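Structure, as structure tokens:
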2 protein chains.
Amino acid sequence: MSEQKKKLVEAITPMHEDFTQWYTDVCLKAELVDYSSVKGCMILRPYGYAIWENITRILDGMFKATGHENVAMPMFIPESLLQKEKDHVEGFAPEVAWVTYGGSDKLEERLCVRPTSETLFCDHFSHVLHSWRDLPMKYNQWCSVVRWEKTTRPFLRSREFWWQEGHTIHETAQEAIEETEQQLNTYATLCEEHLMIPVVKGKKTDKEKFAGAVATYTIEAMMHDGKALQSGTSHYFGDSWSCAFQVQFAGRDNTLQHPHQTSWGVSTRLVGAIIMTHGDDEGLILPPAIAPYQVVIVPIAAHKPGVVEKATELANRLSGFVRTKLDASDNSPGWKFSQWEMKGVPLRLEIGPKDMEKNQCVLVRRDTREKYFVSLDELETEIPRLLNELAQNLYQRALENRQNRTWAATTMEEVKELAENNGYIKTMWCGDLACEEKMKAEVGLTSRCMPFEQEKVGDVCPCCGKPADTMVYWGKAY
Amino acid sequence: MSEQKKKLVEAITPMHEDFTQWYTDVCLKAELVDYSSVKGCMILRPYGYAIWENITRILDGMFKATGHENVAMPMFIPESLLQKEKDHVEGFAPEVAWVTYGGSDKLEERLCVRPTSETLFCDHFSHVLHSWRDLPMKYNQWCSVVRWEKTTRPFLRSREFWWQEGHTIHETAQEAIEETEQQLNTYATLCEEHLMIPVVKGKKTDKEKFAGAVATYTIEAMMHDGKALQSGTSHYFGDSWSCAFQVQFAGRDNTLQHPHQTSWGVSTRLVGAIIMTHGDDEGLILPPAIAPYQVVIVPIAAHKPGVVEKATELANRLSGFVRTKLDASDNSPGWKFSQWEMKGVPLRLEIGPKDMEKNQCVLVRRDTREKYFVSLDELETEIPRLLNELAQNLYQRALENRQNRTWAATTMEEVKELAENNGYIKTMWCGDLACEEKMKAEVGLTSRCMPFEQEKVGDVCPCCGKPADTMVYWGKAY
């Protein structure tokens with residue numbers, strides 16, 4: 001038993017040895033993804049897809065509760081349509097996949113496989129918008145998009161990924177700005193209360209904002225290794241898109257007006273965030289809200305009379321209030337422990353003949369590996385309690401990691417010294433692109449965001465020495 | 001009021017005048033779809049998407065209850081992979097869209113945008129299948145697929161459409177055949193018990209079966225105009241695909257074996273089936289199970305004190321047990337009646353000052369337009385009862401239409417005469433492809449299926465006069 005277990009765990013590279021390899025090992029060995037026959041495109045296997053499906057269910061509910069409606073747009077964008085917004089096409093053209101043939105016929109105009117759908121939504125809005133009474137239109141779609149990246153990694157950067165994209169139009173700029181903020185807060189709530197990932201909310205610099213946006217807001221998470229991961233973005237477009245696409249409505253004063261627009265999205269990248277925020281050397285640790293199974297039941301001494309029956313009875317009972325998996329396979333308990341730990345199931349329930357005699361079972365937390373002997377009469381209260389404690393602990397651990405790896409700096413010397421570790425470096429910034437580019441060129445740091453919660457960590461920009469009012473989080477990013 | 005109403009209803013072409021135009025009018029004016037900037041590709045608008053979303057929710061639950069797991073495959077298939085199954089590539093090659101460039105780089109191998117994903121699943125199965133213990137693998141994915149058709153119509157035939165595709169592998173042929181049948185029955189249940197569309201279950205002839213299948217099973221629905229619509233298919237593949245893709249497992253006897261395979265799918269075409277089975281000259285009629293709103297509340301004399309408050313109170317109360325829409329817009333009641341009738345909402349609830357005095361409201365059924373004066377104390381029982389009666393009536397009406405348009409024939413003269421009307425013609429068939437082709441060439445009929453419930457409507461094939469044991473349904477199809 002212990003040998004089997006050892007072997008299985010050895011299959012994962014330890015985090016401290018090689019974090020990148022650890023990540024890849026977890027993705028593959030926890031059966032989240034498989035590589036496909038198209039370079040850079042991943043397959044979401046049942047366990048990986050179930051995590052994404054749980055995320056989508058939570059988010060979709062939040063979107064609908066705030067008045068958003070789902071729609072579906074085509075996956076193709078005619079080249080001429082893509083080119084209608086100048087910044088946008090410049091931002092995306094280098095990495096779009098082009099369809100040039102339908103059957104054996106060359107297309108008159110080539111079609112881009114959507115990297116994002118602003119252009120399609122604008123075109124549609126121009127057909128269906130008539131009067132201010134039609135506003136706001138608050139749409140969302142769940143789909144996959146394609147970006148022909150050179151370097152790819154499962155969940156973090158793949159040539160096709162799954163996401164949602166919200167696209168809304170509003171009567172006034174103020175309403176659109178409020179929508180942008182609301183959706184950023186929705187993402188922060190998803191991350192902090194369901195995925196147990198603390199995030200920094202802020203605004204992107206002009207250099208880092210979305211191609212075609214007036215302003216991009218972001219939530220930034222810190223991974224276990226101190227690197228930053230942009231985890232969700234919300235864009236305010238003003239009316240430049242609706243002007244470019246001639247989206248118009250008859251206003252309250254009967255004049256023709258252009259609506260103000262937003263878009264926002266999160267993607268399967270969030271699964272990568274979960275892996276790298278909570279995982280450990282044994283594998284995944286899943287927040288209960290999105291775990292495909294919240295409890296796995298492992299019978300001990302399953303050949304003894306009544307054990308399998310009791311385990312089955314418990315599985316049925318638990319299914320009423322938690323997502324439950326009974327592992328009745330003929331593998332050894334040790335092998336099962338190790339496998340389900342690798343897959344990150346939050347709680348393990350062990351039940352054997354001795355437990356049955358005492359009307360109890362053993363519950364083991366995945367995060368702390370603490371064992372609890374719990375009366376079978378108390379499962380309905382103890383399991384939710386332990387799941388909640390585990391969730392809170394995941395959040396606290398991640399928050400502490402971030403706090404321990406966040407430093408303020410006032411000079412370039414300090415920045416360079418601190419940047420030897422991964423983490424966030426907070427500095428003031430003058431707002432000049434040249435200084436931002438210098439941080440990248442000399443220290444390898446990109447601006448993560450200008451956080452909404454500003455602090456005064458100095459008076460001058462460490463790059464140029466000029467007076468500076470804005471605090472920026474810098475980091476190395478995935 | 002009556003003028004406004006008249007105008008709106010006139011906007012739909014009457015069915016008997018031009019069924020095709022009526023269909024298009026309903027699709028556009030009930031706000032189900034919009035045409036996109038890519039020829040032949042449709043946009044699913046919120047109301048149309050909500051119908052599809054309700055269908056997916058019901059089906060996904062049925063799939064999971066029978067042990068299926070969701071996954072996600074890439075949207076691209078390398079040309080070499082597509083070519084691995086000869087019949088398959090011949091069937092699909094004329095209508096696939098090809099990606100030839102990524103950014104500005106020409107791809108070494110062009111990629112097909114999936115028309116269906118058997119090839120991708122087989123490739124994946126060959127990676128992840130090891131032993132008989134891994135079987136069955138019962139996977140499904142929700143996605144869109146692309147077929148570059150010449151002639152397109154919303155829902156029925158578009159270059160991109162949304163669907164689910166199930167792909168399963170099994171240890172034995174028997175298990176795979178049972179899976180094929182089970183999923184066909186799942187589709188029949190969806191149609192008959194939720195969409196209220198009666199279907200004929202049967203097997204496709206070799207000519208009509210899926211490219212690469214051993215056998216294709218189908219459910220065939222009859223539209224209001226008597227034309228047939230293939231509404232769902234389930235394919236048995238045997239082991240030819242797993243041989244071609246080298247999908248293998250160590251069997252119980254430790255020999256390497258090939259699993260037996262199935263695939264099955266339904267698509268947004270079902271929305272077309274709902275429109276053309278239940279709709280009438282006023283527009284859509286939606287089965288309650290998939291209606292975005294099951295009840296629309298229209299306040300009467302909304303300017304009178306307390307009316308809007310009462311309507312709002314009812315909307316909140318009803319939302320606890322039915323999907324409810326309160327139309328509090330400033331349009332006239334007549335305009336609202338007509339609009340929500342066009343959109344097919346099953347029940348309309350009218351409430352005005354006089355109703356309030358009597359502690360009652362008016363419920364109007366969309367199918368029969370019957371009015372019911374119902375006590376406000378009885379809504380929790382009366383609304384579900386009326387919705388159920390409406391659903392049953394939709395089914396009965398559709399069944400009667402089919403029965404009235406189904407005829408048996410024993411000679412080609414009879415077939416030709418009957419074929420002047422749209423409907424099903426039942427004949428015996430010798431099994432010869434030549435006779436099937438003759439039916440198409442001379443009478444314009446295609447074989448819909450060899451129904452599981454066979455009848456002996458004659459002794460000989462009407463085409464060739466040879467003895468025949470198999471009964472076939474023939475029809476004109478969408």
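Chain labels A, B, ... are given in the sequence in which chains occur in the structure tokens; within each chain residues are numbered consecutively from 1, and ligands are likewise numbered from 1 in the order shown.
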Taking only region 324-451 of chain B into account, list the residues labelled strand (DSSP E or B) by DSSP (computed from the backbone), as a VMD selection string. chain B and resid 324 to 326 347 to 351 360 to 365 371 to 375 406 to 408 424 to 429 446 to 451
Could you tell me which residues of chain A sit within 9 Å of chain B when counting only C-alpha atoms, and give me the result as number ranges by chain? A: 34-38, 41-50, 53, 69-78, 81, 92-104, 111-113, 120, 123-124, 127-128, 139, 143-144, 147-149, 160-162
For Ala221 (chain A), the nearest of the candidates A:Glu282, A:Glu85, A:Glu192, A:Asp377, counting only C-alpha atoms: A:Glu192
As a list in words, please: every residue in region 103-211 of chain B that a backbone DSSP assignment puts in alpha helix (DSSP H).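 Written out, the alpha helix (DSSP H) residues of region 103-211 of chain B are Glu118, Thr119, Leu120, Phe121, Cys122, Asp123, His124, Phe125, Ser126, His127, Val128, Ala173, Gln174, Glu175, Ala176, Ile177, Glu178, Glu179, Thr180, Glu181, Gln182, Gln183, Leu184, Asn185, Thr186, Tyr187, Ala188 and Thr189 of chain B.
The residue that comes closest to Val247 (chain A), out of A:His130, A:Lys227, A:Arg153, A:Lys201 and on the basis of only C-alpha atoms, is A:His130.
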Leaving out Ala434 (chain B) and any residue of its chain fewer than 4 positions from it, which residues lie within 9 Å of it when counting only C-alpha atoms, given as number ranges by chain? B: 438-439, 463
For region 424-426 of chain B: contacts at 7 Å, only C-alpha atoms, fewer than 2 positions along chain excluded, given as a VMD selection string: chain B and resid 405 to 409 471 to 475
Write to file, as a short mmCIF file (atom, residue, chain, number, x, y, z; two decimals), in the first residue's frame, the residues of the selection just made, with N, CA and C atoms.
```
data_model
loop_
_atom_site.label_atom_id
_atom_site.label_comp_id
_atom_site.auth_asym_id
_atom_site.auth_seq_id
_atom_site.Cartn_x
_atom_site.Cartn_y
_atom_site.Cartn_z
N ARG B 405 -51.99 12.94 -42.01
CA ARG B 405 -51.12 13.09 -43.17
C ARG B 405 -50.23 11.88 -43.37
N THR B 406 -50.64 10.75 -42.85
CA THR B 406 -49.86 9.53 -43.05
C THR B 406 -50.71 8.52 -43.82
N TRP B 407 -50.17 8.06 -44.94
CA TRP B 407 -50.93 7.19 -45.80
C TRP B 407 -50.11 5.96 -46.18
N ALA B 408 -50.78 4.85 -46.39
CA ALA B 408 -50.09 3.66 -46.88
C ALA B 408 -50.30 3.55 -48.40
N ALA B 409 -49.30 3.03 -49.08
CA ALA B 409 -49.42 2.86 -50.54
C ALA B 409 -48.80 1.53 -50.94
N MET B 471 -41.04 -2.17 -43.91
CA MET B 471 -41.84 -0.99 -44.17
C MET B 471 -41.00 0.27 -43.97
N VAL B 472 -41.14 1.20 -44.88
CA VAL B 472 -40.40 2.47 -44.82
C VAL B 472 -41.38 3.64 -44.79
N TYR B 473 -41.03 4.66 -43.99
CA TYR B 473 -41.72 5.95 -44.08
C TYR B 473 -40.98 6.80 -45.10
N TRP B 474 -41.69 7.31 -46.09
CA TRP B 474 -41.12 8.23 -47.08
C TRP B 474 -41.71 9.61 -46.87
N GLY B 475 -40.96 10.62 -47.22
CA GLY B 475 -41.50 11.97 -47.10
C GLY B 475 -40.62 13.00 -47.77
#
```
Fewer than 3 positions away in the same chain doesn't count, so skip those; otherwise give me all residues within 8 Å of region 249-266 of chain A, counting only C-alpha atoms, as a VMD selection string. chain A and resid 118 129 to 132 163 to 173 176 to 177 179 to 180 183 to 184 187 231 to 239 241 to 243 246 269 to 270
Requested write-out: N, CA and C atoms of the selected residues, as an mmCIF file, in the first residue's frame:
```cif
data_model
loop_
_atom_site.group_PDB
_atom_site.id
_atom_site.type_symbol
_atom_site.label_atom_id
_atom_site.label_comp_id
_atom_site.auth_asym_id
_atom_site.auth_seq_id
_atom_site.Cartn_x
_atom_site.Cartn_y
_atom_site.Cartn_z
ATOM 1 N N GLU A 118 -16.402 41.746 -29.825
ATOM 2 C CA GLU A 118 -16.909 43.125 -29.856
ATOM 3 C C GLU A 118 -17.485 43.483 -31.222
ATOM 4 N N LEU A 129 -31.004 47.808 -32.176
ATOM 5 C CA LEU A 129 -31.243 48.959 -31.299
ATOM 6 C C LEU A 129 -32.021 50.032 -32.051
ATOM 7 N N HIS A 130 -33.100 50.509 -31.449
ATOM 8 C CA HIS A 130 -33.874 51.567 -32.086
ATOM 9 C C HIS A 130 -34.021 52.791 -31.174
ATOM 10 N N SER A 131 -34.550 52.556 -29.983
ATOM 11 C CA SER A 131 -34.902 53.699 -29.126
ATOM 12 C C SER A 131 -34.263 53.537 -27.746
ATOM 13 N N TRP A 132 -34.237 54.611 -27.004
ATOM 14 C CA TRP A 132 -33.698 54.561 -25.633
ATOM 15 C C TRP A 132 -34.461 53.547 -24.788
ATOM 16 N N TRP A 163 -14.577 30.641 -22.410
ATOM 17 C CA TRP A 163 -14.802 31.818 -21.579
ATOM 18 C C TRP A 163 -16.227 32.274 -21.700
ATOM 19 N N GLN A 164 -16.525 33.363 -20.994
ATOM 20 C CA GLN A 164 -17.754 34.092 -21.261
ATOM 21 C C GLN A 164 -17.326 35.484 -21.646
ATOM 22 N N GLU A 165 -18.105 36.088 -22.525
ATOM 23 C CA GLU A 165 -17.865 37.482 -22.857
ATOM 24 C C GLU A 165 -19.172 38.233 -22.731
ATOM 25 N N GLY A 166 -19.165 39.233 -21.844
ATOM 26 C CA GLY A 166 -20.320 40.091 -21.686
ATOM 27 C C GLY A 166 -20.152 41.316 -22.560
ATOM 28 N N HIS A 167 -21.223 41.745 -23.192
ATOM 29 C CA HIS A 167 -21.202 42.933 -24.040
ATOM 30 C C HIS A 167 -22.483 43.705 -23.768
ATOM 31 N N THR A 168 -22.316 44.942 -23.322
ATOM 32 C CA THR A 168 -23.509 45.711 -22.968
ATOM 33 C C THR A 168 -23.455 47.101 -23.595
ATOM 34 N N ILE A 169 -24.641 47.645 -23.862
ATOM 35 C CA ILE A 169 -24.733 49.044 -24.308
ATOM 36 C C ILE A 169 -25.742 49.770 -23.428
ATOM 37 N N HIS A 170 -25.456 51.039 -23.193
ATOM 38 C CA HIS A 170 -26.201 51.834 -22.221
ATOM 39 C C HIS A 170 -26.504 53.219 -22.772
ATOM 40 N N GLU A 171 -27.527 53.815 -22.159
ATOM 41 C CA GLU A 171 -27.954 55.135 -22.607
ATOM 42 C C GLU A 171 -26.902 56.200 -22.284
ATOM 43 N N THR A 172 -26.283 56.073 -21.113
ATOM 44 C CA THR A 172 -25.333 57.116 -20.688
ATOM 45 C C THR A 172 -23.976 56.507 -20.342
ATOM 46 N N ALA A 173 -22.964 57.359 -20.385
ATOM 47 C CA ALA A 173 -21.619 56.947 -20.001
ATOM 48 C C ALA A 173 -21.621 56.468 -18.548
ATOM 49 N N ALA A 176 -22.802 52.969 -18.153
ATOM 50 C CA ALA A 176 -21.830 52.009 -18.680
ATOM 51 C C ALA A 176 -20.664 51.837 -17.711
ATOM 52 N N ILE A 177 -20.223 52.947 -17.126
ATOM 53 C CA ILE A 177 -19.122 52.867 -16.149
ATOM 54 C C ILE A 177 -19.560 52.049 -14.939
ATOM 55 N N GLU A 179 -21.772 49.702 -14.916
ATOM 56 C CA GLU A 179 -21.817 48.292 -15.351
ATOM 57 C C GLU A 179 -20.407 47.683 -15.303
ATOM 58 N N THR A 180 -19.434 48.430 -15.820
ATOM 59 C CA THR A 180 -18.045 47.953 -15.821
ATOM 60 C C THR A 180 -17.597 47.616 -14.400
ATOM 61 N N GLN A 183 -19.500 44.504 -12.884
ATOM 62 C CA GLN A 183 -19.042 43.205 -13.368
ATOM 63 C C GLN A 183 -17.657 42.875 -12.824
ATOM 64 N N LEU A 184 -16.820 43.892 -12.628
ATOM 65 C CA LEU A 184 -15.529 43.624 -11.982
ATOM 66 C C LEU A 184 -15.766 43.116 -10.557
ATOM 67 N N TYR A 187 -16.780 39.509 -10.575
ATOM 68 C CA TYR A 187 -15.609 38.631 -10.717
ATOM 69 C C TYR A 187 -14.843 38.508 -9.400
ATOM 70 N N SER A 231 -6.852 37.735 -13.796
ATOM 71 C CA SER A 231 -7.870 36.693 -13.650
ATOM 72 C C SER A 231 -9.239 37.070 -14.185
ATOM 73 N N GLY A 232 -9.406 38.337 -14.540
ATOM 74 C CA GLY A 232 -10.680 38.762 -15.103
ATOM 75 C C GLY A 232 -10.556 40.230 -15.460
ATOM 76 N N THR A 233 -11.183 40.647 -16.560
ATOM 77 C CA THR A 233 -11.099 42.054 -16.944
ATOM 78 C C THR A 233 -12.466 42.576 -17.345
ATOM 79 N N SER A 234 -12.636 43.875 -17.151
ATOM 80 C CA SER A 234 -13.896 44.544 -17.469
ATOM 81 C C SER A 234 -13.524 45.849 -18.154
ATOM 82 N N HIS A 235 -14.077 46.045 -19.344
ATOM 83 C CA HIS A 235 -13.656 47.184 -20.160
ATOM 84 C C HIS A 235 -14.774 48.203 -20.357
ATOM 85 N N TYR A 236 -14.393 49.461 -20.251
ATOM 86 C CA TYR A 236 -15.304 50.548 -20.601
ATOM 87 C C TYR A 236 -14.868 51.103 -21.953
ATOM 88 N N PHE A 237 -15.831 51.193 -22.894
ATOM 89 C CA PHE A 237 -15.489 51.579 -24.258
ATOM 90 C C PHE A 237 -15.887 53.000 -24.626
ATOM 91 N N GLY A 238 -16.619 53.658 -23.757
ATOM 92 C CA GLY A 238 -17.169 54.940 -24.190
ATOM 93 C C GLY A 238 -18.090 54.702 -25.376
ATOM 94 N N ASP A 239 -18.122 55.661 -26.320
ATOM 95 C CA ASP A 239 -18.989 55.475 -27.490
ATOM 96 C C ASP A 239 -18.173 55.327 -28.779
ATOM 97 N N TRP A 241 -16.752 52.696 -30.142
ATOM 98 C CA TRP A 241 -17.174 51.535 -30.931
ATOM 99 C C TRP A 241 -18.524 51.800 -31.586
ATOM 100 N N SER A 242 -19.440 52.358 -30.818
ATOM 101 C CA SER A 242 -20.775 52.544 -31.401
ATOM 102 C C SER A 242 -20.733 53.608 -32.493
ATOM 103 N N CYS A 243 -19.778 54.539 -32.400
ATOM 104 C CA CYS A 243 -19.596 55.469 -33.519
ATOM 105 C C CYS A 243 -19.030 54.730 -34.730
ATOM 106 N N GLN A 246 -21.704 52.568 -36.196
ATOM 107 C CA GLN A 246 -22.996 53.233 -36.410
ATOM 108 C C GLN A 246 -24.136 52.608 -35.618
ATOM 109 N N ARG A 269 -8.828 30.063 -17.754
ATOM 110 C CA ARG A 269 -7.637 30.471 -17.016
ATOM 111 C C ARG A 269 -7.866 30.419 -15.497
ATOM 112 N N LEU A 270 -9.111 30.645 -15.069
ATOM 113 C CA LEU A 270 -9.418 30.579 -13.637
ATOM 114 C C LEU A 270 -9.098 29.206 -13.057
#
```
